[in-house]
$ cat work_16.cif   # mmCIF, C-alpha atoms
data_start
loop_
_atom_site.group_PDB
_atom_site.id
_atom_site.type_symbol
_atom_site.label_atom_id
_atom_site.label_comp_id
_atom_site.auth_asym_id
_atom_site.auth_seq_id
_atom_site.Cartn_x
_atom_site.Cartn_y
_atom_site.Cartn_z
ATOM 1 C CA MET C 1 99.829 93.098 88.211
ATOM 2 C CA ASN C 2 97.060 91.493 86.191
ATOM 3 C CA HIS C 3 93.656 93.119 86.318
ATOM 4 C CA PRO C 4 90.394 91.605 85.041
ATOM 5 C CA SER C 5 89.179 92.739 81.643
ATOM 6 C CA PRO C 6 86.030 94.848 81.406
ATOM 7 C CA PRO C 7 83.042 92.541 80.858
ATOM 8 C CA THR C 8 82.112 94.237 77.575
ATOM 9 C CA ILE C 9 85.496 94.057 75.820
ATOM 10 C CA ALA C 10 86.888 90.852 74.299
ATOM 11 C CA PRO C 11 90.726 90.721 74.408
ATOM 12 C CA SER C 12 90.798 88.701 71.170
ATOM 13 C CA ALA C 13 88.903 91.473 69.376
ATOM 14 C CA VAL C 14 91.378 94.066 70.668
ATOM 15 C CA GLN C 15 94.257 91.981 69.318
ATOM 16 C CA ARG C 16 92.634 91.722 65.889
ATOM 17 C CA TRP C 17 92.019 95.474 65.807
ATOM 18 C CA GLY C 18 95.682 95.964 66.707
ATOM 19 C CA ARG C 19 96.697 94.103 63.550
ATOM 20 C CA VAL C 20 94.855 96.593 61.315
ATOM 21 C CA ALA C 21 97.211 99.289 60.049
ATOM 22 C CA SER C 22 96.143 102.856 60.786
ATOM 23 C CA GLN C 23 96.323 104.782 57.523
ATOM 24 C CA ALA C 24 95.559 108.107 59.188
ATOM 25 C CA SER C 25 94.255 109.350 62.503
ATOM 26 C CA PRO C 26 90.438 109.550 62.436
ATOM 27 C CA TRP C 27 88.980 113.029 62.064
ATOM 28 C CA LEU C 28 87.028 112.685 65.304
ATOM 29 C CA HIS C 29 90.181 111.767 67.223
ATOM 30 C CA GLU C 30 92.005 114.805 65.858
ATOM 31 C CA GLU C 31 89.102 117.073 66.812
ATOM 32 C CA VAL C 32 88.940 115.649 70.345
ATOM 33 C CA ALA C 33 92.717 116.067 70.666
ATOM 34 C CA ARG C 34 92.433 119.694 69.559
ATOM 35 C CA ARG C 35 89.848 120.352 72.273
ATOM 36 C CA MET C 36 91.919 118.541 74.880
ATOM 37 C CA GLU C 37 95.044 120.455 73.867
ATOM 38 C CA GLU C 38 93.204 123.724 74.547
ATOM 39 C CA ARG C 39 92.845 122.612 78.174
ATOM 40 C CA LEU C 40 96.630 122.652 78.573
ATOM 41 C CA GLN C 41 96.546 126.445 78.811
ATOM 42 C CA TRP C 42 95.220 126.024 82.353
ATOM 43 C CA ILE C 43 98.144 123.775 83.405
ATOM 44 C CA VAL C 44 100.935 125.743 85.078
ATOM 45 C CA LEU C 45 103.507 122.937 84.955
ATOM 46 C CA GLN C 46 105.644 123.024 81.818
ATOM 47 C CA PRO C 47 106.965 119.489 81.258
ATOM 48 C CA LYS C 48 110.635 118.924 80.546
ATOM 49 C CA ALA C 49 109.684 115.562 79.051
ATOM 50 C CA TRP C 50 106.338 114.065 78.043
ATOM 51 C CA LEU C 51 104.905 110.809 76.706
ATOM 52 C CA ASP C 52 102.444 110.487 73.820
ATOM 53 C CA TRP C 53 100.561 107.196 74.110
ATOM 54 C CA ALA C 54 99.520 105.737 70.716
ATOM 55 C CA PRO C 55 99.553 108.897 68.554
ATOM 56 C CA ALA C 56 99.131 106.933 65.301
ATOM 57 C CA ARG C 57 95.495 106.256 66.208
ATOM 58 C CA GLY C 58 95.047 109.070 68.685
ATOM 59 C CA GLY C 59 96.132 111.990 66.527
ATOM 60 C CA LEU C 60 99.269 112.723 64.501
ATOM 61 C CA GLU C 61 98.281 116.343 63.911
ATOM 62 C CA ALA C 62 97.787 116.732 67.658
ATOM 63 C CA HIS C 63 101.260 115.289 68.225
ATOM 64 C CA GLN C 64 102.754 118.060 66.082
ATOM 65 C CA ARG C 65 100.804 120.721 67.975
ATOM 66 C CA LEU C 66 102.143 119.390 71.269
ATOM 67 C CA LEU C 67 105.691 119.446 69.920
ATOM 68 C CA ALA C 68 105.127 123.099 69.046
ATOM 69 C CA ARG C 69 103.625 123.846 72.472
ATOM 70 C CA TYR C 70 106.605 122.284 74.280
ATOM 71 C CA PRO C 71 109.496 122.881 71.856
ATOM 72 C CA LYS C 72 112.216 122.427 74.499
ATOM 73 C CA ALA C 73 110.745 119.282 76.057
ATOM 74 C CA ALA C 74 111.899 115.762 75.269
ATOM 75 C CA CYS C 75 109.105 113.690 73.732
ATOM 76 C CA HIS C 76 108.628 109.942 74.042
ATOM 77 C CA VAL C 77 106.254 108.032 71.752
ATOM 78 C CA HIS C 78 104.765 104.656 72.651
ATOM 79 C CA GLU C 79 102.801 102.655 70.091
ATOM 80 C CA PRO C 80 101.174 99.620 71.795
ATOM 81 C CA PHE C 81 100.508 97.764 68.529
ATOM 82 C CA ALA C 82 103.404 96.277 66.573
ATOM 83 C CA ILE C 83 101.923 97.260 63.212
ATOM 84 C CA ASP C 84 102.080 100.952 64.214
ATOM 85 C CA GLN C 85 105.634 100.726 65.555
ATOM 86 C CA ALA C 86 107.239 100.201 62.137
ATOM 87 C CA GLN C 87 105.523 103.281 60.707
ATOM 88 C CA ALA C 88 106.430 105.219 63.845
ATOM 89 C CA ARG C 89 110.139 104.689 63.225
ATOM 90 C CA GLN C 90 109.873 106.399 59.859
ATOM 91 C CA ARG C 91 107.572 109.098 61.203
ATOM 92 C CA HIS C 92 109.292 110.058 64.450
ATOM 93 C CA GLU C 93 112.924 109.103 63.911
ATOM 94 C CA PRO C 94 114.271 110.821 60.764
ATOM 95 C CA ALA C 95 117.422 109.474 59.138
ATOM 96 C CA TRP C 96 120.713 111.044 60.220
ATOM 97 C CA TRP C 97 120.972 112.984 56.975
ATOM 98 C CA GLN C 98 117.500 114.557 57.197
ATOM 99 C CA PRO C 99 117.318 118.165 58.491
ATOM 100 C CA ALA C 100 114.404 117.250 60.780
ATOM 101 C CA ARG C 101 116.827 115.217 62.906
ATOM 102 C CA TRP C 102 118.898 118.312 63.707
ATOM 103 C CA VAL C 103 116.375 121.154 63.552
ATOM 104 C CA GLY C 104 113.253 121.521 65.667
ATOM 105 C CA PRO C 105 111.635 119.201 68.201
ATOM 106 C CA SER C 106 111.842 115.444 67.701
ATOM 107 C CA SER C 107 110.299 112.339 69.255
ATOM 108 C CA HIS C 108 111.942 109.255 70.744
ATOM 109 C CA LEU C 109 110.317 105.857 70.361
ATOM 110 C CA GLY C 110 109.699 103.702 73.390
ATOM 111 C CA LEU C 111 108.604 104.128 76.976
ATOM 112 C CA PRO C 112 110.614 106.455 79.195
ATOM 113 C CA ALA C 113 112.351 105.309 82.354
ATOM 114 C CA PRO C 114 110.019 105.080 85.370
ATOM 115 C CA GLY C 115 109.249 108.573 86.572
ATOM 116 C CA GLY C 116 110.899 109.994 83.457
ATOM 117 C CA VAL C 117 108.194 112.389 82.221
ATOM 118 C CA GLN C 118 106.078 115.177 83.671
ATOM 119 C CA MET C 119 103.107 114.687 81.321
ATOM 120 C CA VAL C 120 101.397 111.636 79.857
ATOM 121 C CA TRP C 121 99.074 112.351 76.931
ATOM 122 C CA SER C 122 96.586 109.695 75.775
ATOM 123 C CA ASN C 123 93.891 110.573 73.273
ATOM 124 C CA MET C 124 90.973 108.182 72.593
ATOM 125 C CA ALA C 125 92.791 105.011 73.679
ATOM 126 C CA LEU C 126 91.393 104.100 77.091
ATOM 127 C CA HIS C 127 87.954 102.906 75.910
ATOM 128 C CA LEU C 128 89.618 100.427 73.516
ATOM 129 C CA SER C 129 91.752 98.784 76.187
ATOM 130 C CA ASP C 130 90.838 95.362 77.560
ATOM 131 C CA GLN C 131 93.078 96.075 80.589
ATOM 132 C CA PRO C 132 92.338 99.700 81.569
ATOM 133 C CA ARG C 133 93.729 99.453 85.102
ATOM 134 C CA ALA C 134 96.992 98.005 83.797
ATOM 135 C CA LEU C 135 97.087 100.870 81.300
ATOM 136 C CA MET C 136 96.631 103.412 84.101
ATOM 137 C CA ASP C 137 99.392 101.682 86.054
ATOM 138 C CA ALA C 138 101.739 102.143 83.073
ATOM 139 C CA TRP C 139 100.852 105.830 82.866
ATOM 140 C CA HIS C 140 101.387 106.224 86.606
ATOM 141 C CA GLU C 141 104.785 104.494 86.455
ATOM 142 C CA SER C 142 105.976 106.731 83.618
ATOM 143 C CA LEU C 143 105.155 109.951 85.492
ATOM 144 C CA GLU C 144 107.420 111.819 87.838
ATOM 145 C CA VAL C 145 105.898 112.737 91.190
ATOM 146 C CA GLY C 146 103.971 115.962 90.596
ATOM 147 C CA GLY C 147 103.499 115.164 86.908
ATOM 148 C CA PHE C 148 100.073 114.993 85.316
ATOM 149 C CA LEU C 149 97.966 112.836 83.013
ATOM 150 C CA MET C 150 95.724 114.117 80.208
ATOM 151 C CA PHE C 151 93.426 111.633 78.497
ATOM 152 C CA SER C 152 90.177 111.347 76.560
ATOM 153 C CA CYS C 153 87.892 108.439 75.687
ATOM 154 C CA LEU C 154 84.338 107.584 74.646
ATOM 155 C CA GLY C 155 81.480 107.547 77.166
ATOM 156 C CA PRO C 156 78.240 105.518 77.594
ATOM 157 C CA ASP C 157 75.998 107.635 75.333
ATOM 158 C CA THR C 158 78.224 106.971 72.316
ATOM 159 C CA LEU C 159 76.310 105.486 69.340
ATOM 160 C CA LYS C 160 73.011 105.570 71.213
ATOM 161 C CA GLU C 161 71.119 105.890 67.913
ATOM 162 C CA LEU C 162 72.832 102.817 66.469
ATOM 163 C CA ARG C 163 72.262 100.847 69.670
ATOM 164 C CA ALA C 164 68.545 101.616 69.519
ATOM 165 C CA LEU C 165 68.432 100.518 65.864
ATOM 166 C CA TYR C 166 70.190 97.222 66.657
ATOM 167 C CA ALA C 167 67.909 96.581 69.637
ATOM 168 C CA ASP C 168 64.820 97.198 67.497
ATOM 169 C CA ALA C 169 66.121 94.689 64.922
ATOM 170 C CA GLY C 170 66.889 92.106 67.608
ATOM 171 C CA TRP C 171 70.633 92.125 66.801
ATOM 172 C CA PRO C 172 73.514 91.886 69.317
ATOM 173 C CA GLU C 173 75.104 95.123 70.514
ATOM 174 C CA PRO C 174 77.048 97.059 67.835
ATOM 175 C CA GLY C 175 79.824 97.928 70.284
ATOM 176 C CA PRO C 176 81.045 97.622 73.864
ATOM 177 C CA ALA C 177 79.329 99.377 76.751
ATOM 178 C CA PHE C 178 81.586 102.339 77.438
ATOM 179 C CA THR C 179 82.559 103.234 81.003
ATOM 180 C CA ASP C 180 81.052 106.207 82.849
ATOM 181 C CA MET C 181 83.373 109.102 83.705
ATOM 182 C CA HIS C 182 82.759 108.699 87.458
ATOM 183 C CA ASP C 183 83.947 105.090 87.258
ATOM 184 C CA TRP C 184 87.067 106.225 85.409
ATOM 185 C CA GLY C 185 87.699 108.730 88.188
ATOM 186 C CA ASP C 186 87.434 106.017 90.840
ATOM 187 C CA MET C 187 89.786 103.805 88.847
ATOM 188 C CA LEU C 188 92.357 106.613 88.609
ATOM 189 C CA VAL C 189 92.371 106.947 92.393
ATOM 190 C CA GLU C 190 92.797 103.175 92.757
ATOM 191 C CA ALA C 191 95.784 103.387 90.385
ATOM 192 C CA GLY C 192 97.463 105.975 92.626
ATOM 193 C CA PHE C 193 96.494 109.233 90.934
ATOM 194 C CA ALA C 194 95.274 112.254 92.886
ATOM 195 C CA GLU C 195 92.805 115.067 92.265
ATOM 196 C CA PRO C 196 91.155 113.535 89.173
ATOM 197 C CA VAL C 197 89.047 116.034 87.251
ATOM 198 C CA MET C 198 86.553 114.582 84.778
ATOM 199 C CA ASP C 199 84.248 116.375 82.360
ATOM 200 C CA MET C 200 82.166 115.362 79.376
ATOM 201 C CA GLU C 201 80.624 116.726 76.194
ATOM 202 C CA ARG C 202 78.545 115.244 73.384
ATOM 203 C CA ILE C 203 79.431 115.627 69.727
ATOM 204 C CA VAL C 204 76.697 114.809 67.195
ATOM 205 C CA LEU C 205 77.882 114.023 63.670
ATOM 206 C CA SER C 206 75.601 113.761 60.660
ATOM 207 C CA TYR C 207 76.132 111.769 57.479
ATOM 208 C CA GLU C 208 74.668 111.989 54.021
ATOM 209 C CA SER C 209 74.457 108.228 53.464
ATOM 210 C CA PRO C 210 74.677 104.869 55.278
ATOM 211 C CA GLU C 211 77.889 104.140 53.368
ATOM 212 C CA ARG C 212 79.596 107.248 54.744
ATOM 213 C CA LEU C 213 78.450 106.470 58.291
ATOM 214 C CA LEU C 214 79.782 102.914 58.122
ATOM 215 C CA GLN C 215 83.081 104.132 56.689
ATOM 216 C CA GLU C 216 83.486 106.500 59.647
ATOM 217 C CA LEU C 217 82.797 103.711 62.132
ATOM 218 C CA ARG C 218 85.364 101.418 60.489
ATOM 219 C CA GLU C 219 87.994 104.161 60.844
ATOM 220 C CA LEU C 220 87.194 104.627 64.529
ATOM 221 C CA GLY C 221 87.564 100.985 65.531
ATOM 222 C CA ARG C 222 85.790 97.652 65.670
ATOM 223 C CA ASN C 223 83.038 96.013 67.696
ATOM 224 C CA LEU C 224 84.890 94.684 70.759
ATOM 225 C CA ASN C 225 81.802 93.365 72.546
ATOM 226 C CA PRO C 226 82.159 89.669 73.547
ATOM 227 C CA GLY C 227 78.501 89.163 72.603
ATOM 228 C CA ARG C 228 78.907 90.453 69.051
ATOM 229 C CA PHE C 229 77.799 88.308 66.112
ATOM 230 C CA SER C 230 80.486 85.631 65.912
ATOM 231 C CA ALA C 231 80.443 84.955 62.159
ATOM 232 C CA CYS C 232 80.748 87.104 59.044
ATOM 233 C CA ARG C 233 77.640 89.005 58.030
ATOM 234 C CA GLY C 234 76.346 88.571 54.500
ATOM 235 C CA ARG C 235 75.175 90.977 51.830
ATOM 236 C CA THR C 236 71.532 90.486 52.790
ATOM 237 C CA TRP C 237 72.185 91.634 56.341
ATOM 238 C CA LEU C 238 74.229 94.615 55.136
ATOM 239 C CA ALA C 239 71.405 95.659 52.815
ATOM 240 C CA GLU C 240 68.958 95.395 55.726
ATOM 241 C CA LEU C 241 71.240 97.502 57.925
ATOM 242 C CA LYS C 242 71.447 100.211 55.261
ATOM 243 C CA ARG C 243 67.673 100.101 54.809
ATOM 244 C CA ARG C 244 67.097 100.583 58.512
ATOM 245 C CA LEU C 245 69.654 103.397 58.620
ATOM 246 C CA GLN C 246 67.898 105.107 55.716
ATOM 247 C CA THR C 247 64.547 104.773 57.494
ATOM 248 C CA HIS C 248 66.103 106.290 60.605
ATOM 249 C CA ALA C 249 67.464 109.169 58.519
ATOM 250 C CA ALA C 250 64.001 109.956 57.156
ATOM 251 C CA LEU C 251 62.761 110.461 60.725
ATOM 252 C CA THR C 252 65.749 112.485 61.957
ATOM 253 C CA GLU C 253 65.055 115.927 63.349
ATOM 254 C CA PRO C 254 65.858 118.705 62.648
ATOM 255 C CA ALA C 255 67.604 117.541 59.446
ATOM 256 C CA PRO C 256 65.490 114.813 57.836
ATOM 257 C CA GLY C 257 67.390 112.735 55.323
ATOM 258 C CA ARG C 258 70.695 112.832 57.214
ATOM 259 C CA LEU C 259 71.970 110.203 59.619
ATOM 260 C CA SER C 260 73.032 111.334 63.081
ATOM 261 C CA LEU C 261 75.354 109.638 65.557
ATOM 262 C CA THR C 262 76.124 110.833 69.082
ATOM 263 C CA PHE C 263 79.619 110.544 70.545
ATOM 264 C CA GLU C 264 80.028 111.165 74.264
ATOM 265 C CA ILE C 265 83.565 112.418 74.887
ATOM 266 C CA ILE C 266 85.114 112.111 78.342
ATOM 267 C CA TYR C 267 88.140 114.200 79.302
ATOM 268 C CA GLY C 268 90.271 113.281 82.303
ATOM 269 C CA HIS C 269 93.090 114.999 84.171
ATOM 270 C CA ALA C 270 94.958 113.842 87.298
ATOM 271 C CA PHE C 271 98.276 114.277 89.120
ATOM 272 C CA LYS C 272 100.754 111.749 90.472
ATOM 273 C CA PRO C 273 101.200 112.436 94.203
ATOM 274 C CA ALA C 274 104.143 111.507 96.401
ATOM 275 C CA PRO C 275 103.832 107.880 97.523
ATOM 276 C CA ARG C 276 102.565 107.207 101.012
ATOM 277 C CA ILE C 277 104.150 104.413 103.013
ATOM 278 C CA ARG C 278 101.627 102.559 105.122
ATOM 279 C CA LEU C 279 102.938 101.882 108.598
ATOM 280 C CA ALA C 280 102.562 98.355 109.959
ATOM 281 C CA PRO C 281 104.481 96.080 112.332
ATOM 282 C CA GLU C 282 106.362 94.930 109.227
ATOM 283 C CA SER C 283 106.373 97.042 106.034
ATOM 284 C CA ALA C 284 107.982 96.253 102.677
ATOM 285 C CA VAL C 285 109.147 99.301 100.733
ATOM 286 C CA SER C 286 110.738 99.128 97.295
ATOM 287 C CA LEU C 287 114.025 100.919 96.688
ATOM 288 C CA GLU C 288 112.367 103.159 94.096
ATOM 289 C CA GLN C 289 109.644 104.181 96.562
ATOM 290 C CA MET C 290 112.248 104.971 99.231
ATOM 291 C CA LYS C 291 114.257 107.106 96.788
ATOM 292 C CA THR C 292 111.120 109.024 95.846
ATOM 293 C CA VAL C 293 110.160 109.627 99.478
ATOM 294 C CA LEU C 294 113.678 110.832 100.307
ATOM 295 C CA ARG C 295 113.738 113.163 97.307
ATOM 296 C CA GLN C 296 110.385 114.646 98.307
ATOM 297 C CA GLY C 297 111.611 115.017 101.874
ATOM 298 C CA LYS C 298 114.636 117.025 100.758
ATOM 299 C CA LYS C 299 112.424 119.330 98.692
ATOM 300 C CA ASN C 300 110.234 120.029 101.709
ATOM 301 C CA LEU C 301 113.096 120.829 104.123
ATOM 302 C CA PRO C 302 113.177 124.513 105.228
ATOM 303 C CA PRO C 303 116.155 126.571 104.078
ATOM 304 C CA VAL C 304 119.039 126.827 106.560
#
$ encode --input "work_16.cif" --output "structure tokens"
Amino acid sequence: MNHPSPPTIAPSAVQRWGRVASQASPWLHEEVARRMEERLQWIVLQPKAWLDWAPARGGLEAHQRLLARYPKAACHVHEPFAIDQAQARQRHEPAWWQPARWVGPSSHLGLPAPGGVQMVWSNMALHLSDQPRALMDAWHESLEVGGFLMFSCLGPDTLKELRALYADAGWPEPGPAFTDMHDWGDMLVEAGFAEPVMDMERIVLSYESPERLLQELRELGRNLNPGRFSACRGRTWLAELKRRLQTHAALTEPAPGRLSLTFEIIYGHAFKPAPRIRLAPESAVSLEQMKTVLRQGKKNLPPV
């Protein structure tokens, strides 16, 4: 099913970002993944199989921690961008003669069969998607009934300092308008998930120079806003941006001289419930839905 793109994300910009090779997972993504992984201690279900969605950009260190947390579980890795898939083969599928192929947990490339995993893990990917509902549908399809989703993404207060600077200069937005956590929760329910739990925290990072701040932003992504400046910026504009950033740093409290950026982090968690068949004079039910309903019915039968 095709779903409309968010009004603040240009699909063409997402495609261009997908052609940029990820040299390493950004520090912020790894830190968010570490905090999200701590939340797994409250989940009773121990997955027999799980899916890591886009670990190359979401967190390779986090992927290893999850392998250690679930050493007996089968792991599936899906990289949405072709440029990350080639590196993933070398990273997650050791050659037959390498000890890593025979000792310890390993990962399998590609999506699992529908309903093939009990956990879907997606770190810092949802806010970069131009088709978030379609993405949620893919997560939902991969999960077994009773399985759960863990995800994180950026929220609306992200880069509020930079947005204010751009607005004061009369420039277009420096990034897309990120979705509120309550809207994500509503979208999860629309996609068929149940009991969504959303929470949020703000992480404020400080930088010693405009150059270091801009380097961090380039590692995190690109400006996906359809209203972004359509041509290449010149050296004069870049010098003006750095000047304005330096002026902002001089006024920063409580650490004057350092540049601060706020990142609003949204964490989400939801389960996949048993499908409900709506009764009507004529109802169309897929074979897969009927199998699922029958399996759930057998589980709920009282012992004889």
$ closest_residue --input "work_16.cif" --among "C:Glu216, C:Leu111, C:Gln131, C:Ser142" --to "Met187 of chain C" --atoms "all atoms listed in the file"
C:Gln131
$ closest_residue --input "work_16.cif" --among "C:Arg228, C:Ala164, C:Ser107, C:Ser152" --to "Ala68 of chain C" --atoms "all atoms listed in the file"
C:Ser107
$ residues_around --input "work_16.cif" --residues "Glu144 of chain C" --least-positions-apart "4" --cutoff "7 Å" --atoms "all atoms listed in the file" --output "short mmCIF file (atom, residue, chain, number, x, y, z; two decimals) with C-alpha atoms, in the frame of the given file"
data_model
loop_
_atom_site.label_atom_id
_atom_site.label_comp_id
_atom_site.auth_asym_id
_atom_site.auth_seq_id
_atom_site.Cartn_x
_atom_site.Cartn_y
_atom_site.Cartn_z
CA GLY C 115 109.25 108.57 86.57
CA GLY C 116 110.90 109.99 83.46
CA VAL C 117 108.19 112.39 82.22
CA GLN C 118 106.08 115.18 83.67
#
$ residues_around --input "work_16.cif" --residues "Lys272 of chain C" --least-positions-apart "3" --cutoff "8 Å" --atoms "all atoms listed in the file" --output "number ranges by chain"
C: 140, 143-148, 192-194
$ closest_residue --input "work_16.cif" --among "C:Asn123, C:Ser22, C:Asn225, C:Gln90" --to "Gly268 of chain C" --atoms "all atoms listed in the file"
C:Asn123
$ atom_distance --input "work_16.cif" --atom1 "atom CA of Glu161 of chain C" --atom2 "atom CA of Ala24 of chain C"
26.0 Å
$ resolve_selection --input "work_16.cif" --expression "the PyMOL selection byres ((chain C and resi 31) around 12)" --output "compact mmCIF listing (two decimals) with C-alpha atoms, in the frame of the given file"
# COMPACT_ATOMS: atom_id res chain seq x y z
CA SER C 25 94.26 109.35 62.50
CA PRO C 26 90.44 109.55 62.44
CA TRP C 27 88.98 113.03 62.06
CA LEU C 28 87.03 112.68 65.30
CA HIS C 29 90.18 111.77 67.22
CA GLU C 30 92.00 114.80 65.86
CA VAL C 32 88.94 115.65 70.34
CA ALA C 33 92.72 116.07 70.67
CA ARG C 34 92.43 119.69 69.56
CA ARG C 35 89.85 120.35 72.27
CA MET C 36 91.92 118.54 74.88
CA GLU C 37 95.04 120.46 73.87
CA GLU C 38 93.20 123.72 74.55
CA GLY C 58 95.05 109.07 68.68
CA GLY C 59 96.13 111.99 66.53
CA LEU C 60 99.27 112.72 64.50
CA GLU C 61 98.28 116.34 63.91
CA ALA C 62 97.79 116.73 67.66
CA ASN C 123 93.89 110.57 73.27
CA MET C 124 90.97 108.18 72.59
CA SER C 152 90.18 111.35 76.56
CA ILE C 203 79.43 115.63 69.73
CA ILE C 265 83.56 112.42 74.89
$ closest_residue --input "work_16.cif" --among "C:Gly257, C:Pro112, C:Pro273, C:Gly155" --to "Pro210 of chain C" --atoms "all atoms listed in the file"
C:Gly257
$ closest_residue --input "work_16.cif" --among "C:Arg244, C:Ala239, C:Ser260, C:Lys160" --to "Glu208 of chain C" --atoms "all atoms listed in the file"
C:Ser260
$ atom_distance --input "work_16.cif" --atom1 "atom CA of Leu224 of chain C" --atom2 "atom CA of Ala125 of chain C"
13.3 Å
$ closest_residue --input "work_16.cif" --among "C:His127, C:His248, C:Arg258, C:Arg276" --to "Arg212 of chain C" --atoms "all atoms listed in the file"
C:Arg258
$ atom_distance --input "work_16.cif" --atom1 "atom CA of Leu159 of chain C" --atom2 "atom CA of Thr262 of chain C"
5.4 Å
